[in-house]
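Right, one structure below, let's go through it.
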Amino acid sequence: MSDRLREVYSRLSDRYASGDIPWDDPLPPPEVLDFVPSLEAGRALDLGCGYGRASIYLATQGWDVDGVDFVEQAVEMAQRRSKEAGVSVRFHLASITDLDFLHGPYDFALDVGCGHALDDEGLRLYRDQLCRLLANGGYFMLFARMKEVQHDDGESPPGLYEDNLLALFEEGFTLTWAEHSETLLADGSSWPSAWFRFRRK
């Protein structure tokens, strides 16, 4: 595990242990709810699944789902919640950069705020795994915190530079949709964010 991932793991483990989980909603974000019904149910991969809200939703819509997270508390709760919801989801304790144990093809992959914590090497490994696992014509949907070069002071939380992200996924994927916004936090602060939808070539 890289130093960046160790740092992220420590921070997220502390948050799950304290119950400070602002993303703990019963349903995935509206962007997911808007898009998923347009797809024919198949195999789905939920990267950084947390407590499993997207995985469980996809399973209720007829998808065969694998959810991955590297925080044990999150995976345990996701397993509990999927049983309570009466759906079958395979949850795996693993890093999103180390998915060799999974076998494609998947028709849909989703990442709601996980990949933006990776460093450059982690992002390349992550992209390579998606290339391997996603079916031709399959969709990858990503929500991420974005960074702008002129405002990056080296101390802000992780995020992605859009040019770097698009260049990374240029080979093997086609960008089909993007939407930029500001994510508002409970303390009144905000940060730039964006949704991206890629299709595997």
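Here's how to read the names in the structure tokens: chain A, B, ... by the order shown, residue numbers from 1 in each chain, ligand numbers from 1 in the order shown.
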
**Message:** Give me the residues near region 61-74 of chain A as a list in words, where near means some atom within 8 Å (using only C-alpha atoms) and where sequence neighbours in that chain fewer than 4 positions away do not count.
**Reply:**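 Everything that qualifies: Tyr9, Leu12, Ser13, Tyr16, Ala17, Ala41, Gly42, Arg43, Ala44, Leu45, Asp46, Leu47, Gly48, Cys49, Gly50, Tyr51, Gly52, Ser55, Tyr57, Ala78, Ser88, Val89, Arg90, Phe91, His92, Leu93, Ala94, Ser95 and Ile96 of chain A.
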
Okay, now the selection with N, CA and C atoms, as a compact mmCIF listing (two decimals), in the first residue's frame?
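Output contents, as saved in part-v1.txt:
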```txt
# COMPACT_ATOMS: atom_id res chain seq x y z
N TYR A 9 -6.40 5.55 4.33
CA TYR A 9 -6.95 4.46 5.13
C TYR A 9 -7.08 4.87 6.60
N LEU A 12 -9.95 7.45 6.99
CA LEU A 12 -11.29 6.88 6.83
C LEU A 12 -11.62 5.91 7.96
N SER A 13 -10.63 5.15 8.40
CA SER A 13 -10.87 4.24 9.53
C SER A 13 -11.31 5.01 10.76
N TYR A 16 -14.98 6.17 10.21
CA TYR A 16 -15.96 5.09 10.39
C TYR A 16 -16.07 4.70 11.86
N ALA A 17 -14.94 4.69 12.56
CA ALA A 17 -14.97 4.33 13.98
C ALA A 17 -15.75 5.35 14.80
N ALA A 41 -29.75 -4.25 -16.91
CA ALA A 41 -29.05 -4.81 -15.75
C ALA A 41 -28.08 -5.91 -16.18
N GLY A 42 -26.89 -5.88 -15.59
CA GLY A 42 -25.87 -6.88 -15.87
C GLY A 42 -24.98 -7.03 -14.66
N ARG A 43 -23.68 -6.99 -14.86
CA ARG A 43 -22.72 -7.07 -13.76
C ARG A 43 -22.22 -5.68 -13.44
N ALA A 44 -22.17 -5.35 -12.15
CA ALA A 44 -21.74 -4.02 -11.72
C ALA A 44 -20.63 -4.13 -10.68
N LEU A 45 -19.74 -3.13 -10.71
CA LEU A 45 -18.62 -3.05 -9.76
C LEU A 45 -18.68 -1.70 -9.07
N ASP A 46 -18.80 -1.73 -7.74
CA ASP A 46 -18.90 -0.51 -6.93
C ASP A 46 -17.56 -0.32 -6.22
N LEU A 47 -16.80 0.68 -6.65
CA LEU A 47 -15.43 0.92 -6.16
C LEU A 47 -15.45 1.92 -5.02
N GLY A 48 -14.94 1.51 -3.86
CA GLY A 48 -15.04 2.35 -2.68
C GLY A 48 -16.48 2.37 -2.20
N CYS A 49 -17.02 1.18 -2.00
CA CYS A 49 -18.47 1.02 -1.77
C CYS A 49 -18.95 1.56 -0.44
N GLY A 50 -18.05 1.77 0.54
CA GLY A 50 -18.49 2.26 1.84
C GLY A 50 -19.50 1.32 2.47
N TYR A 51 -20.59 1.89 2.97
CA TYR A 51 -21.64 1.08 3.60
C TYR A 51 -22.54 0.39 2.59
N GLY A 52 -22.25 0.53 1.32
CA GLY A 52 -22.94 -0.27 0.31
C GLY A 52 -24.19 0.33 -0.28
N SER A 55 -24.24 -0.25 -4.07
CA SER A 55 -24.28 -1.69 -4.34
C SER A 55 -25.66 -2.26 -4.06
N TYR A 57 -28.54 -0.63 -3.88
CA TYR A 57 -29.50 -0.09 -4.85
C TYR A 57 -29.41 -0.86 -6.17
N ALA A 78 -21.70 -2.88 5.28
CA ALA A 78 -22.32 -3.11 3.97
C ALA A 78 -22.92 -4.52 3.90
N SER A 88 -28.56 -9.85 -2.46
CA SER A 88 -27.26 -10.52 -2.43
C SER A 88 -26.22 -9.66 -3.14
N VAL A 89 -25.20 -9.26 -2.40
CA VAL A 89 -24.08 -8.49 -2.95
C VAL A 89 -22.79 -9.12 -2.43
N ARG A 90 -21.82 -9.26 -3.29
CA ARG A 90 -20.50 -9.74 -2.84
C ARG A 90 -19.65 -8.53 -2.46
N PHE A 91 -19.35 -8.39 -1.19
CA PHE A 91 -18.50 -7.30 -0.73
C PHE A 91 -17.10 -7.84 -0.44
N HIS A 92 -16.09 -7.08 -0.88
CA HIS A 92 -14.71 -7.52 -0.78
C HIS A 92 -13.88 -6.48 -0.03
N LEU A 93 -13.04 -6.94 0.87
CA LEU A 93 -12.12 -6.06 1.60
C LEU A 93 -10.83 -5.98 0.79
N ALA A 94 -10.64 -4.89 0.06
CA ALA A 94 -9.49 -4.76 -0.83
C ALA A 94 -9.34 -3.31 -1.26
N SER A 95 -8.16 -3.00 -1.79
CA SER A 95 -7.90 -1.69 -2.36
C SER A 95 -8.41 -1.64 -3.80
N ILE A 96 -8.88 -0.48 -4.23
CA ILE A 96 -9.36 -0.34 -5.60
C ILE A 96 -8.22 -0.40 -6.62
```

**Message:** Measuring between only C-alpha atoms, which one of A:Ala109, A:Leu33, A:Ala117, A:Leu27 shows the shortest distance to Arg6 (chain A)?
**Reply:**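 For Arg6 (chain A), the nearest of the given residues is A:Ala117.
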
**Asked** Near Ala178 (chain A), within 7 Å and counting only C-alpha atoms, which residues show up once chain neighbours fewer than 5 positions away are dropped, as a list in words?
**Response**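 Final neighbour list, sorted by chain and number: Ala194, Trp195, Phe196 and Arg197 of chain A.
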
Keeping N, CA and C atoms, export the residues of the selection given above as a PDB file, in the first residue's frame.
```
ATOM      1  N   ALA A 194     -16.926  17.110  -9.736  1.00  0.00           N
ATOM      2  CA  ALA A 194     -17.453  16.812 -11.071  1.00  0.00           C
ATOM      3  C   ALA A 194     -17.834  15.345 -11.175  1.00  0.00           C
ATOM      4  N   TRP A 195     -18.807  15.099 -12.025  1.00  0.00           N
ATOM      5  CA  TRP A 195     -19.182  13.749 -12.442  1.00  0.00           C
ATOM      6  C   TRP A 195     -18.645  13.523 -13.851  1.00  0.00           C
ATOM      7  N   PHE A 196     -18.164  12.315 -14.095  1.00  0.00           N
ATOM      8  CA  PHE A 196     -17.711  11.921 -15.421  1.00  0.00           C
ATOM      9  C   PHE A 196     -18.315  10.554 -15.757  1.00  0.00           C
ATOM     10  N   ARG A 197     -18.648  10.407 -17.013  1.00  0.00           N
ATOM     11  CA  ARG A 197     -19.120   9.100 -17.481  1.00  0.00           C
ATOM     12  C   ARG A 197     -18.282   8.722 -18.699  1.00  0.00           C
TER      13      ARG A 197
END
```

**Asked** Hey, which of A:Ser10, A:Thr60, A:Asn136, A:Thr97 ends up closest to Lys83 (chain A)? Count only C-alpha atoms.
**Response** A:Thr60

**Message:** To test your reading of the structure, identify every residue in region 101-196 of chain A that backbone DSSP assigns to helix (DSSP H, G or I), and report it as an NGL selection string.
**Reply:** :A and (115-117 or 120-133 or 149-151 or 162-168)

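In this model, the gap between CA of Arg145 (chain A) and CA of Thr183 (chain A) comes to 8.3 Å.
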
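Taking only C-alpha atoms into account, Val32 (chain A) lies nearest to A:Val112 out of the set A:Val87, A:Ala135, A:Val112, A:Leu102.
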
**Request:** Would you mind reading off the distance between CA of Ala144 (chain A) and CA of Ala85 (chain A), one decimal, in Å?
**Result:**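 Separating CA of Ala144 (chain A) from CA of Ala85 (chain A) is a distance of 27.7 Å.
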
**Item:** For CA of Arg80 (chain A) and CA of Pro26 (chain A), the interatomic separation in Å (one decimal)
**Value:**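 Computed distance, CA of Arg80 (chain A) to CA of Pro26 (chain A), equals 13.7 Å.
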
**Fill in**
Of A:Cys131, A:Leu118, A:Ser193, A:Trp23, the one nearest to Lys147 (chain A) when counting only C-alpha atoms is A:Ser193

**Asked** Could you pull out all residues of region 6-193 of chain A with a DSSP call of strand (DSSP E or B) and give them as JSON, numbers by chain?
**Response** {"A": [43, 44, 45, 46, 47, 64, 65, 66, 67, 68, 69, 90, 91, 92, 93, 106, 107, 108, 109, 110, 111, 112, 134, 135, 136, 137, 138, 139, 140, 141, 142, 143, 144, 145, 146, 160, 173, 174, 175, 176, 177, 178, 179, 180, 181, 182, 183, 184, 190, 191, 192, 193]}

**Request:** Name the residues in contact with region 121-126 of chain A at a cut-off of 9 Å, using only C-alpha atoms, excluding same-chain residues fewer than 4 positions from it; report them as a PyMOL selection string.
**Result:** chain A and resi 2+4-5+96-99+115-117+130-131+165+168

**Item:** Nearest to Tyr106 (chain A) by atom-to-atom distance, counting only C-alpha atoms, from A:Arg199, A:His180, A:Gln79, A:Pro192
**Value:** A:Arg199

Just the residues within 12 Å of Pro29 (chain A), please, counting only C-alpha atoms, with nothing from its chain fewer than 4 positions along; format it as a PDB file with C-alpha atoms, in the first residue's frame.
```pdb
ATOM      1  CA  TRP A  23     -22.014  10.343   2.849  1.00  0.00           C
ATOM      2  CA  ASP A  24     -24.122   7.736   4.685  1.00  0.00           C
ATOM      3  CA  ASP A  25     -27.372   8.157   2.744  1.00  0.00           C
ATOM      4  CA  LEU A  33     -30.378   7.213  -9.895  1.00  0.00           C
ATOM      5  CA  ASP A  34     -30.904   9.106 -13.159  1.00  0.00           C
ATOM      6  CA  PHE A  35     -28.495   7.012 -15.222  1.00  0.00           C
ATOM      7  CA  VAL A  36     -28.830   3.437 -13.994  1.00  0.00           C
ATOM      8  CA  ARG A  53     -25.667   2.210  -0.603  1.00  0.00           C
ATOM      9  CA  ALA A  54     -24.962   2.045  -4.362  1.00  0.00           C
ATOM     10  CA  TYR A  57     -29.504  -0.094  -4.846  1.00  0.00           C
ATOM     11  CA  LEU A 110     -19.096   3.180 -10.272  1.00  0.00           C
ATOM     12  CA  ASP A 111     -16.840   5.284  -8.078  1.00  0.00           C
ATOM     13  CA  VAL A 112     -18.469   7.908  -5.857  1.00  0.00           C
ATOM     14  CA  GLY A 113     -15.556   9.830  -4.353  1.00  0.00           C
ATOM     15  CA  MET A 141     -19.141   6.573 -13.778  1.00  0.00           C
ATOM     16  CA  LEU A 142     -16.915   8.669 -11.518  1.00  0.00           C
ATOM     17  CA  PHE A 143     -17.586  11.398  -8.974  1.00  0.00           C
ATOM     18  CA  TRP A 195     -19.182  13.749 -12.442  1.00  0.00           C
TER      19      TRP A 195
END
```

**Nearest to Ser190 (chain A) by atom-to-atom distance, counting only C-alpha atoms, from A:Tyr139, A:Glu162, A:Met146, A:Glu7** =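 So, comparing all the options, the nearest one is A:Met146.
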
**Selection near His103 (chain A), 10 Å with only C-alpha atoms, sequence-local residues under 4 positions removed, as a list in words** =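 Once the adjacent positions are removed, what remains is Leu99, Arg132, Leu133 and Leu134 of chain A.
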
Would you export the selected residues with C-alpha atoms as a compact mmCIF listing (two decimals), in the first residue's frame, please?
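Contents of result-v4.txt, as written:
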```txt
# COMPACT_ATOMS: atom_id res chain seq x y z
CA LEU A 99 -8.39 -6.08 -7.97
CA ARG A 132 -9.16 -5.20 -17.70
CA LEU A 133 -12.51 -5.61 -15.98
CA LEU A 134 -14.96 -3.48 -17.95
```
